[in-house]
file coords37.cif (mmCIF, C-alpha atoms)
data_final
#
loop_
_atom_site.label_atom_id
_atom_site.label_comp_id
_atom_site.auth_asym_id
_atom_site.auth_seq_id
_atom_site.Cartn_x
_atom_site.Cartn_y
_atom_site.Cartn_z
CA MET A 407 0.00 0.00 0.00
CA GLY A 408 2.87 2.33 0.82
CA ASN A 409 4.42 1.74 -2.62
CA ILE A 410 1.08 2.38 -4.32
CA ILE A 411 0.72 5.68 -2.48
CA LYS A 412 4.29 6.71 -3.39
CA LEU A 413 3.66 5.83 -7.04
CA ALA A 414 0.42 7.82 -7.08
CA ILE A 415 2.16 10.86 -5.60
CA SER A 416 5.08 10.53 -8.03
CA LEU A 417 2.79 10.23 -11.04
CA GLY A 418 0.74 13.19 -9.83
CA ILE A 419 3.84 15.37 -9.54
CA GLY A 420 5.10 14.23 -12.96
CA VAL A 421 1.80 14.89 -14.73
CA GLY A 422 1.50 18.25 -13.00
CA ILE A 423 4.94 19.37 -14.18
CA VAL A 424 4.25 18.19 -17.75
CA TYR A 425 0.99 20.15 -17.78
CA TRP A 426 2.74 23.24 -16.42
CA PHE A 427 5.56 23.04 -18.99
CA VAL A 428 3.18 22.55 -21.91
CA SER A 429 0.98 25.44 -20.75
CA GLN A 430 4.01 27.78 -20.99
CA MET A 431 4.45 27.04 -24.71
CA SER A 432 2.71 29.14 -27.37
CA ASP A 433 0.37 27.57 -29.91
CA LYS A 434 3.00 28.05 -32.63
CA ASP A 435 5.63 26.30 -30.51
CA LYS A 436 3.30 23.35 -30.04
CA GLU A 437 2.54 23.17 -33.76
CA ASP A 438 6.26 23.29 -34.65
CA VAL A 439 7.11 20.55 -32.16
CA LEU A 440 4.34 18.30 -33.46
CA ALA A 441 5.27 18.89 -37.09
CA TYR A 442 8.95 18.17 -36.53
CA ILE A 443 8.28 15.19 -34.30
CA LYS A 444 6.38 13.64 -37.21
CA LYS A 445 9.27 14.16 -39.64
CA ALA A 446 12.12 13.47 -37.19
CA ASN A 447 14.42 10.47 -37.38
CA TYR A 448 13.38 8.77 -34.14
CA LEU A 449 16.67 6.93 -33.78
CA PHE A 450 18.37 10.27 -33.13
CA VAL A 451 15.60 11.35 -30.77
CA ILE A 452 16.13 8.23 -28.67
CA LEU A 453 19.95 8.08 -28.78
CA PRO A 454 20.45 11.42 -26.92
CA ILE A 455 18.11 10.12 -24.21
CA VAL A 456 20.14 6.91 -23.96
CA PHE A 457 23.37 8.87 -23.58
CA GLY A 458 21.67 11.02 -20.96
CA LEU A 459 20.96 7.90 -18.92
CA ILE A 460 24.52 6.66 -19.46
CA SER A 461 25.87 9.98 -18.18
CA ASN A 462 23.82 9.48 -15.00
CA TYR A 463 25.41 6.05 -14.58
CA PHE A 464 28.90 7.58 -14.79
CA ARG A 465 27.84 10.31 -12.36
CA ALA A 466 26.61 7.69 -9.89
CA GLN A 467 29.85 5.74 -10.20
CA ARG A 468 31.92 8.89 -9.69
CA TRP A 469 29.92 9.75 -6.58
CA ARG A 470 30.45 6.25 -5.16
CA LEU A 471 34.17 6.68 -5.81
CA LEU A 472 34.22 9.84 -3.67
CA LEU A 473 32.35 8.15 -0.82
CA LYS A 474 34.67 5.13 -0.55
CA PRO A 475 37.55 7.02 1.15
CA LEU A 476 35.03 8.07 3.81
CA GLY A 477 34.23 4.43 4.56
CA TYR A 478 30.95 4.11 2.64
CA ASN A 479 30.17 1.95 -0.37
CA PRO A 480 26.58 2.66 -1.44
CA GLY A 481 24.93 0.31 -3.93
CA ILE A 482 24.91 1.32 -7.58
CA PHE A 483 21.12 1.08 -7.87
CA ASN A 484 20.33 3.39 -4.95
CA THR A 485 23.02 5.83 -6.08
CA PHE A 486 21.78 5.81 -9.68
CA PHE A 487 18.16 6.27 -8.58
CA SER A 488 19.16 9.19 -6.35
CA VAL A 489 20.88 10.89 -9.32
CA MET A 490 17.81 10.37 -11.51
CA ILE A 491 15.56 11.81 -8.80
CA MET A 492 17.91 14.79 -8.47
CA TYR A 493 17.27 15.83 -12.07
CA PHE A 494 13.56 15.14 -11.67
CA LEU A 495 13.25 17.42 -8.63
CA ASN A 496 15.41 20.11 -10.23
CA LEU A 497 12.67 20.47 -12.85
CA PHE A 498 10.31 21.48 -10.06
CA PHE A 499 12.65 23.74 -8.09
CA PRO A 500 16.30 24.41 -9.04
CA ARG A 501 18.87 22.84 -6.67
CA LEU A 502 16.18 21.02 -4.70
CA GLY A 503 17.42 17.78 -6.22
CA GLU A 504 21.03 18.35 -5.14
CA VAL A 505 20.23 18.07 -1.45
CA SER A 506 17.48 15.50 -2.02
CA ARG A 507 19.85 13.00 -3.62
CA CYS A 508 22.10 13.28 -0.57
CA GLY A 509 19.09 12.70 1.67
CA ILE A 510 18.11 9.61 -0.31
CA LEU A 511 21.58 8.11 0.08
CA SER A 512 21.56 9.01 3.76
CA ARG A 513 18.26 7.21 4.28
CA TYR A 514 18.81 4.08 2.23
CA GLU A 515 22.61 3.64 2.43
CA LYS A 516 23.26 5.16 5.87
CA VAL A 517 25.69 7.72 4.46
CA PRO A 518 25.80 10.71 6.86
CA LEU A 519 24.08 13.66 5.25
CA ASP A 520 26.96 16.06 5.90
CA LYS A 521 29.47 13.78 4.18
CA ALA A 522 27.12 13.16 1.25
CA ILE A 523 26.63 16.91 0.79
CA GLY A 524 30.39 17.46 0.98
CA THR A 525 31.04 15.01 -1.85
CA MET A 526 28.17 16.52 -3.85
CA VAL A 527 29.76 19.97 -3.53
CA LEU A 528 33.06 18.50 -4.72
CA GLU A 529 31.30 16.93 -7.71
CA ARG A 530 29.79 20.25 -8.70
CA LEU A 531 33.14 22.01 -8.42
CA CYS A 532 34.57 19.43 -10.83
CA ASP A 533 31.70 20.06 -13.23
CA VAL A 534 32.28 23.82 -13.08
CA LEU A 535 35.94 23.20 -13.92
CA CYS A 536 34.95 21.04 -16.91
CA LEU A 537 32.51 23.66 -18.13
CA GLY A 538 35.21 26.29 -17.77
CA ILE A 539 37.55 24.21 -19.96
CA ILE A 540 34.85 23.93 -22.62
CA VAL A 541 34.22 27.69 -22.56
CA LEU A 542 37.96 28.31 -22.84
CA ILE A 543 38.13 26.03 -25.90
CA LEU A 544 35.22 27.88 -27.49
CA ILE A 545 36.67 31.31 -26.76
CA THR A 546 39.97 30.20 -28.28
CA THR A 547 38.58 28.52 -31.41
CA GLN A 548 35.17 30.14 -31.91
CA ALA A 549 35.64 33.57 -30.36
CA ASP A 550 33.49 35.56 -32.79
CA LYS A 551 30.55 33.17 -32.57
CA PHE A 552 30.85 32.70 -28.80
CA TRP A 553 30.83 36.42 -27.94
CA LYS A 554 28.09 37.12 -30.45
CA LEU A 555 25.89 34.50 -28.80
CA TYR A 556 26.84 35.63 -25.30
CA ASN A 557 26.09 39.32 -25.92
CA LYS A 558 22.88 38.52 -27.77
CA SER A 559 21.59 36.31 -24.95
CA LYS A 560 22.63 38.84 -22.32
CA SER A 561 20.84 41.75 -24.01
CA ASP A 562 17.72 40.04 -25.31
CA PHE A 563 16.78 37.40 -22.75
CA GLY A 564 16.15 39.43 -19.62
CA ASP A 565 12.37 39.33 -20.09
CA ILE A 566 12.45 35.61 -20.94
CA ILE A 567 14.48 34.79 -17.85
CA ALA A 568 12.07 36.81 -15.71
CA LYS A 569 9.11 35.02 -17.29
CA TYR A 570 10.32 31.49 -16.66
CA GLN A 571 12.11 31.92 -13.37
CA ILE A 572 10.28 31.07 -10.19
CA ASN A 573 8.30 33.99 -8.81
CA PRO A 574 10.61 35.91 -6.42
CA THR A 575 7.85 36.10 -3.80
CA VAL A 576 7.46 32.32 -3.86
CA LYS A 577 11.22 31.77 -3.87
CA TYR A 578 11.93 34.06 -0.93
CA SER A 579 8.93 32.73 0.96
CA ILE A 580 10.43 29.25 0.68
CA TYR A 581 13.81 30.55 1.84
CA ALA A 582 12.17 32.33 4.76
CA GLY A 583 10.24 29.20 5.67
CA VAL A 584 13.41 27.11 5.62
CA LEU A 585 15.24 29.70 7.74
CA LEU A 586 12.36 29.77 10.22
CA ILE A 587 12.47 25.98 10.52
CA ILE A 588 16.24 26.07 11.12
CA VAL A 589 15.94 28.78 13.78
CA GLY A 590 13.10 26.90 15.44
CA PHE A 591 15.11 23.67 15.42
CA ILE A 592 18.15 25.40 16.94
CA ALA A 593 15.99 26.99 19.66
CA TYR A 594 14.41 23.60 20.41
CA ARG A 595 17.82 21.88 20.66
CA ILE A 596 19.23 24.58 22.94
CA ASN A 597 16.18 24.42 25.19
CA LYS A 598 16.27 20.61 25.38
CA GLN A 599 19.99 19.80 25.45
CA GLY A 600 21.83 23.04 26.12
CA LEU A 601 24.23 25.08 23.99
CA LYS A 602 27.42 23.00 24.37
CA PRO A 603 26.00 19.73 22.94
CA LEU A 604 24.59 21.72 20.02
CA LEU A 605 27.96 23.35 19.31
CA LYS A 606 29.68 19.97 19.51
CA ASP A 607 27.18 18.40 17.11
CA THR A 608 27.49 21.36 14.73
CA LYS A 609 31.28 21.05 14.75
CA GLU A 610 31.02 17.35 13.88
CA LYS A 611 28.66 18.11 11.00
CA VAL A 612 30.93 20.84 9.64
CA MET A 613 33.94 18.52 9.83
CA GLY A 614 31.92 15.83 8.05
CA LEU A 615 31.06 18.32 5.30
CA ILE A 616 34.71 19.34 4.92
CA GLY A 617 35.72 15.66 4.94
CA GLY A 618 33.37 15.03 2.04
CA ILE A 619 34.81 17.94 0.06
CA ILE A 620 38.44 16.87 0.54
CA SER A 621 37.70 13.16 0.00
CA ILE A 622 39.20 13.44 -3.48
CA LYS A 623 42.72 13.42 -2.02
CA ASP A 624 42.18 9.88 -0.70
CA ILE A 625 40.76 8.32 -3.86
CA GLY A 626 42.55 5.05 -4.50
CA ASN A 627 42.37 5.35 -8.28
CA PRO A 628 42.41 9.00 -9.46
CA LEU A 629 42.41 7.90 -13.11
CA GLU A 630 39.04 6.22 -12.59
CA PHE A 631 37.66 9.50 -11.22
CA VAL A 632 39.00 11.37 -14.26
CA PHE A 633 37.56 8.69 -16.57
CA HIS A 634 34.06 8.98 -15.08
CA THR A 635 34.23 12.79 -15.26
CA ILE A 636 35.31 12.79 -18.91
CA MET A 637 32.63 10.26 -19.85
CA ILE A 638 29.91 12.38 -18.21
CA TRP A 639 30.78 15.30 -20.45
CA VAL A 640 31.35 13.14 -23.53
CA CYS A 641 27.80 11.86 -23.07
CA TYR A 642 26.51 15.42 -22.72
CA PHE A 643 28.30 16.35 -25.95
CA LEU A 644 26.89 13.33 -27.80
CA MET A 645 23.38 14.21 -26.64
CA GLY A 646 23.62 17.45 -28.61
CA TYR A 647 25.65 16.22 -31.56
CA LEU A 648 23.55 13.12 -32.29
CA GLY A 649 20.46 15.27 -31.98
CA PHE A 650 21.55 17.18 -35.10
CA PHE A 651 20.76 14.08 -37.15
CA MET A 652 17.09 14.22 -36.20
CA PHE A 653 16.41 16.52 -39.15
CA PRO A 654 18.00 16.82 -42.60
CA GLU A 655 18.33 20.60 -42.11
CA THR A 656 20.67 20.19 -39.12
CA SER A 657 22.48 16.94 -39.95
CA HIS A 658 25.47 18.71 -41.55
CA LEU A 659 26.33 20.86 -38.51
CA PRO A 660 29.90 20.53 -37.15
CA ALA A 661 30.76 18.97 -33.81
CA VAL A 662 31.85 22.35 -32.45
CA ALA A 663 28.25 23.55 -32.75
CA ALA A 664 27.25 20.81 -30.30
CA LEU A 665 30.04 21.96 -27.97
CA MET A 666 28.66 25.49 -28.17
CA GLY A 667 25.20 24.12 -27.43
CA LEU A 668 26.57 22.30 -24.39
CA ALA A 669 28.07 25.50 -22.95
CA PHE A 670 24.93 27.59 -23.46
CA SER A 671 22.56 24.85 -22.32
CA ALA A 672 24.43 24.89 -18.99
CA ILE A 673 23.53 28.58 -18.73
CA ALA A 674 19.90 27.86 -19.60
CA PHE A 675 19.59 25.10 -17.00
CA SER A 676 21.17 27.30 -14.33
CA LEU A 677 18.74 30.18 -14.94
CA THR A 678 15.38 28.41 -15.32
CA PRO A 679 13.98 25.05 -14.13
CA GLY A 680 14.97 22.43 -16.69
CA GLY A 681 16.04 25.16 -19.13
CA LEU A 682 12.38 26.02 -19.61
CA GLY A 683 11.96 28.73 -22.24
CA LEU A 684 15.68 29.47 -22.60
CA PHE A 685 17.05 26.19 -23.94
CA PRO A 686 15.12 26.17 -27.26
CA ILE A 687 15.95 29.83 -27.87
CA PHE A 688 19.66 29.35 -27.16
CA MET A 689 19.66 26.40 -29.54
CA LYS A 690 17.93 28.49 -32.19
CA LEU A 691 20.58 31.22 -31.97
CA ILE A 692 23.41 28.68 -32.14
CA LEU A 693 21.95 26.96 -35.19
CA VAL A 694 21.44 30.30 -36.95
CA VAL A 695 25.03 31.33 -36.21
CA TYR A 696 26.22 28.04 -37.75
CA GLY A 697 24.30 28.57 -40.99
CA ILE A 698 20.71 27.33 -40.52
CA PRO A 699 18.33 29.94 -42.06
CA GLU A 700 16.48 31.89 -39.39
CA THR A 701 13.39 31.97 -41.62
CA SER A 702 13.21 28.18 -41.37
CA SER A 703 11.35 26.64 -38.47
CA ALA A 704 14.16 24.11 -38.03
CA PRO A 705 16.27 26.11 -35.50
CA ILE A 706 13.57 26.64 -32.89
CA SER A 707 12.00 23.24 -33.53
CA TYR A 708 15.32 21.46 -32.99
CA GLY A 709 15.61 22.99 -29.54
CA LEU A 710 11.98 22.31 -28.70
CA VAL A 711 12.14 18.66 -29.76
CA GLN A 712 15.45 18.15 -27.91
CA TRP A 713 14.10 19.84 -24.81
CA SER A 714 10.78 17.96 -24.94
CA ALA A 715 12.45 14.57 -25.37
CA GLN A 716 15.00 15.15 -22.59
CA THR A 717 12.41 16.59 -20.21
CA ALA A 718 10.08 13.68 -20.83
CA SER A 719 12.92 11.23 -20.15
CA VAL A 720 13.79 13.02 -16.88
CA LEU A 721 10.14 12.97 -15.79
CA ILE A 722 9.62 9.32 -16.64
CA GLY A 723 13.01 8.33 -15.21
CA GLY A 724 12.37 10.27 -12.03
CA VAL A 725 8.96 8.71 -11.45
CA LEU A 726 10.29 5.21 -12.13
CA SER A 727 13.28 5.83 -9.86
CA LEU A 728 11.01 6.91 -7.01
CA LEU A 729 9.00 3.72 -7.46
CA LEU A 730 12.01 1.42 -7.85
CA LEU A 731 13.72 3.02 -4.89
CA ALA A 732 10.76 2.07 -2.73
CA ILE A 733 10.60 -1.45 -4.18
CA PHE A 734 14.35 -2.18 -3.95
CA ASN A 735 14.44 -1.01 -0.35
CA ARG A 736 11.14 -2.51 0.72
CA GLU A 737 11.00 -3.51 4.36
CA PRO A 738 9.55 -6.99 4.94
CA SER A 739 6.00 -7.16 6.20
CA LEU A 740 5.21 -8.92 9.46
CA ASN A 741 4.18 -12.17 7.79
CA GLU A 742 7.51 -12.25 5.88
CA VAL A 743 9.58 -12.13 9.07
CA SER A 744 10.54 -15.57 10.34
CA PRO A 745 9.17 -16.22 13.82
CA LYS A 746 11.76 -16.46 16.57
CA THR A 747 12.29 -19.89 18.04
#
call {"tool": "encode", "arguments": {"input": "coords37.cif", "output": "structure tokens"}}
result
Amino acid sequence: MGNIIKLAISLGIGVGIVYWFVSQMSDKDKEDVLAYIKKANYLFVILPIVFGLISNYFRAQRWRLLLKPLGYNPGIFNTFFSVMIMYFLNLFFPRLGEVSRCGILSRYEKVPLDKAIGTMVLERLCDVLCLGIIVLILITTQADKFWKLYNKSKSDFGDIIAKYQINPTVKYSIYAGVLLIIVGFIAYRINKQGLKPLLKDTKEKVMGLIGGIISIKDIGNPLEFVFHTIMIWVCYFLMGYLGFFMFPETSHLPAVAALMGLAFSAIAFSLTPGGLGLFPIFMKLILVVYGIPETSSAPISYGLVQWSAQTASVLIGGVLSLLLLAIFNREPSLNEVSPKT
């Protein structure tokens, strides 16, 4: 019954987000997506999704590698499901999934939350470094196109960012609510246990967080960490590059255009939930810069189809991961427990 309830809640959230995303699209956007979905080569719609899932596998393996020096060896399934759920929850509220995946591993694999968060922070720092390397390559080899795209997006997309970002009142209300809960919890702990035990516990948590961040220095096989990191970003690149072959109009685009798309999609995903609104427009600008006629509906439709397919895969994968997480970690019912003799 518990699993049925969890599935119902997960499906409800997933359907709600899909409805919300679709409602943000104009009628023309919907018509373009439908028209291009009908003419698309479905092999190259599916392959980017497959590589997206593979990238999550490498991310899960890299995370497990960081946790081993701390004395924890979480299972691959629970770690992979937590990564899938991270992306799912990030569609609903940016960065919510980052902490949630640490909470999932803490619950099901008994990894202390502070240490899990520390390793997550380290992971993100590595990703920022990788993104910086990509941007440096683009500035060096594609300077004119890169700065043209950057300045265009900076000057033209302020209203779009404001439209698709979470309402500031809602956002700050959530922050205030979280702060109020933290203050209330601290006051409760001080009243119940005194200040010294609280300070001691806080110190232990901070040290655990720092231990997670510096866990990279104790990795037994640094080359394996580098391998997983490179493969994550290779998969991201292939998601964009293989997507070009969905349509005849974009199939001739060079690999560097996919690298440019990777850099600007990171900006889109950091500004709006799931890149909503921004991702298709960034992709349109990139395709136009690389020679696709702006009068054609191919540039915007490419981004919309890519975004729709990836978002659908994240939603479906997130819902299934929530369900499988509950099933894989199911506690035995009373009649399944052997009676003591």
call {"tool": "closest_residue", "arguments": {"input": "coords37.cif", "among": "A:Phe685, A:Tyr556, A:Tyr514, A:Tyr642", "to": "A:Ile460", "atoms": "all atoms listed in the file"}}
result
A:Tyr642
call {"tool": "closest_residue", "arguments": {"input": "coords37.cif", "among": "A:Gln467, A:Ser488, A:Ser719, A:Thr546", "to": "A:Ile455", "atoms": "only C-alpha atoms"}}
result
A:Ser719
call {"tool": "residues_near_point", "arguments": {"input": "coords37.cif", "point": "(15.0, -2.6, -4.6)", "cutoff": "12 Å", "atoms": "all atoms listed in the file", "output": "PyMOL selection string"}}
result
chain A and resi 409+481-487+514+726-738
call {"tool": "atom_distance", "arguments": {"input": "coords37.cif", "atom1": "atom CA of A:Phe670", "atom2": "atom CA of A:Arg501"}}
result
18.5 Å
call {"tool": "atom_distance", "arguments": {"input": "coords37.cif", "atom1": "atom CA of A:Gly524", "atom2": "atom CA of A:Thr717"}}
result
27.8 Å
call {"tool": "closest_residue", "arguments": {"input": "coords37.cif", "among": "A:Leu459, A:Leu693, A:Leu471, A:Leu544", "to": "A:Phe633", "atoms": "only C-alpha atoms"}}
result
A:Leu471
call {"tool": "closest_residue", "arguments": {"input": "coords37.cif", "among": "A:Gly590, A:Gly503, A:Gly697, A:Gly649", "to": "A:Gly680", "atoms": "all atoms listed in the file"}}
result
A:Gly503
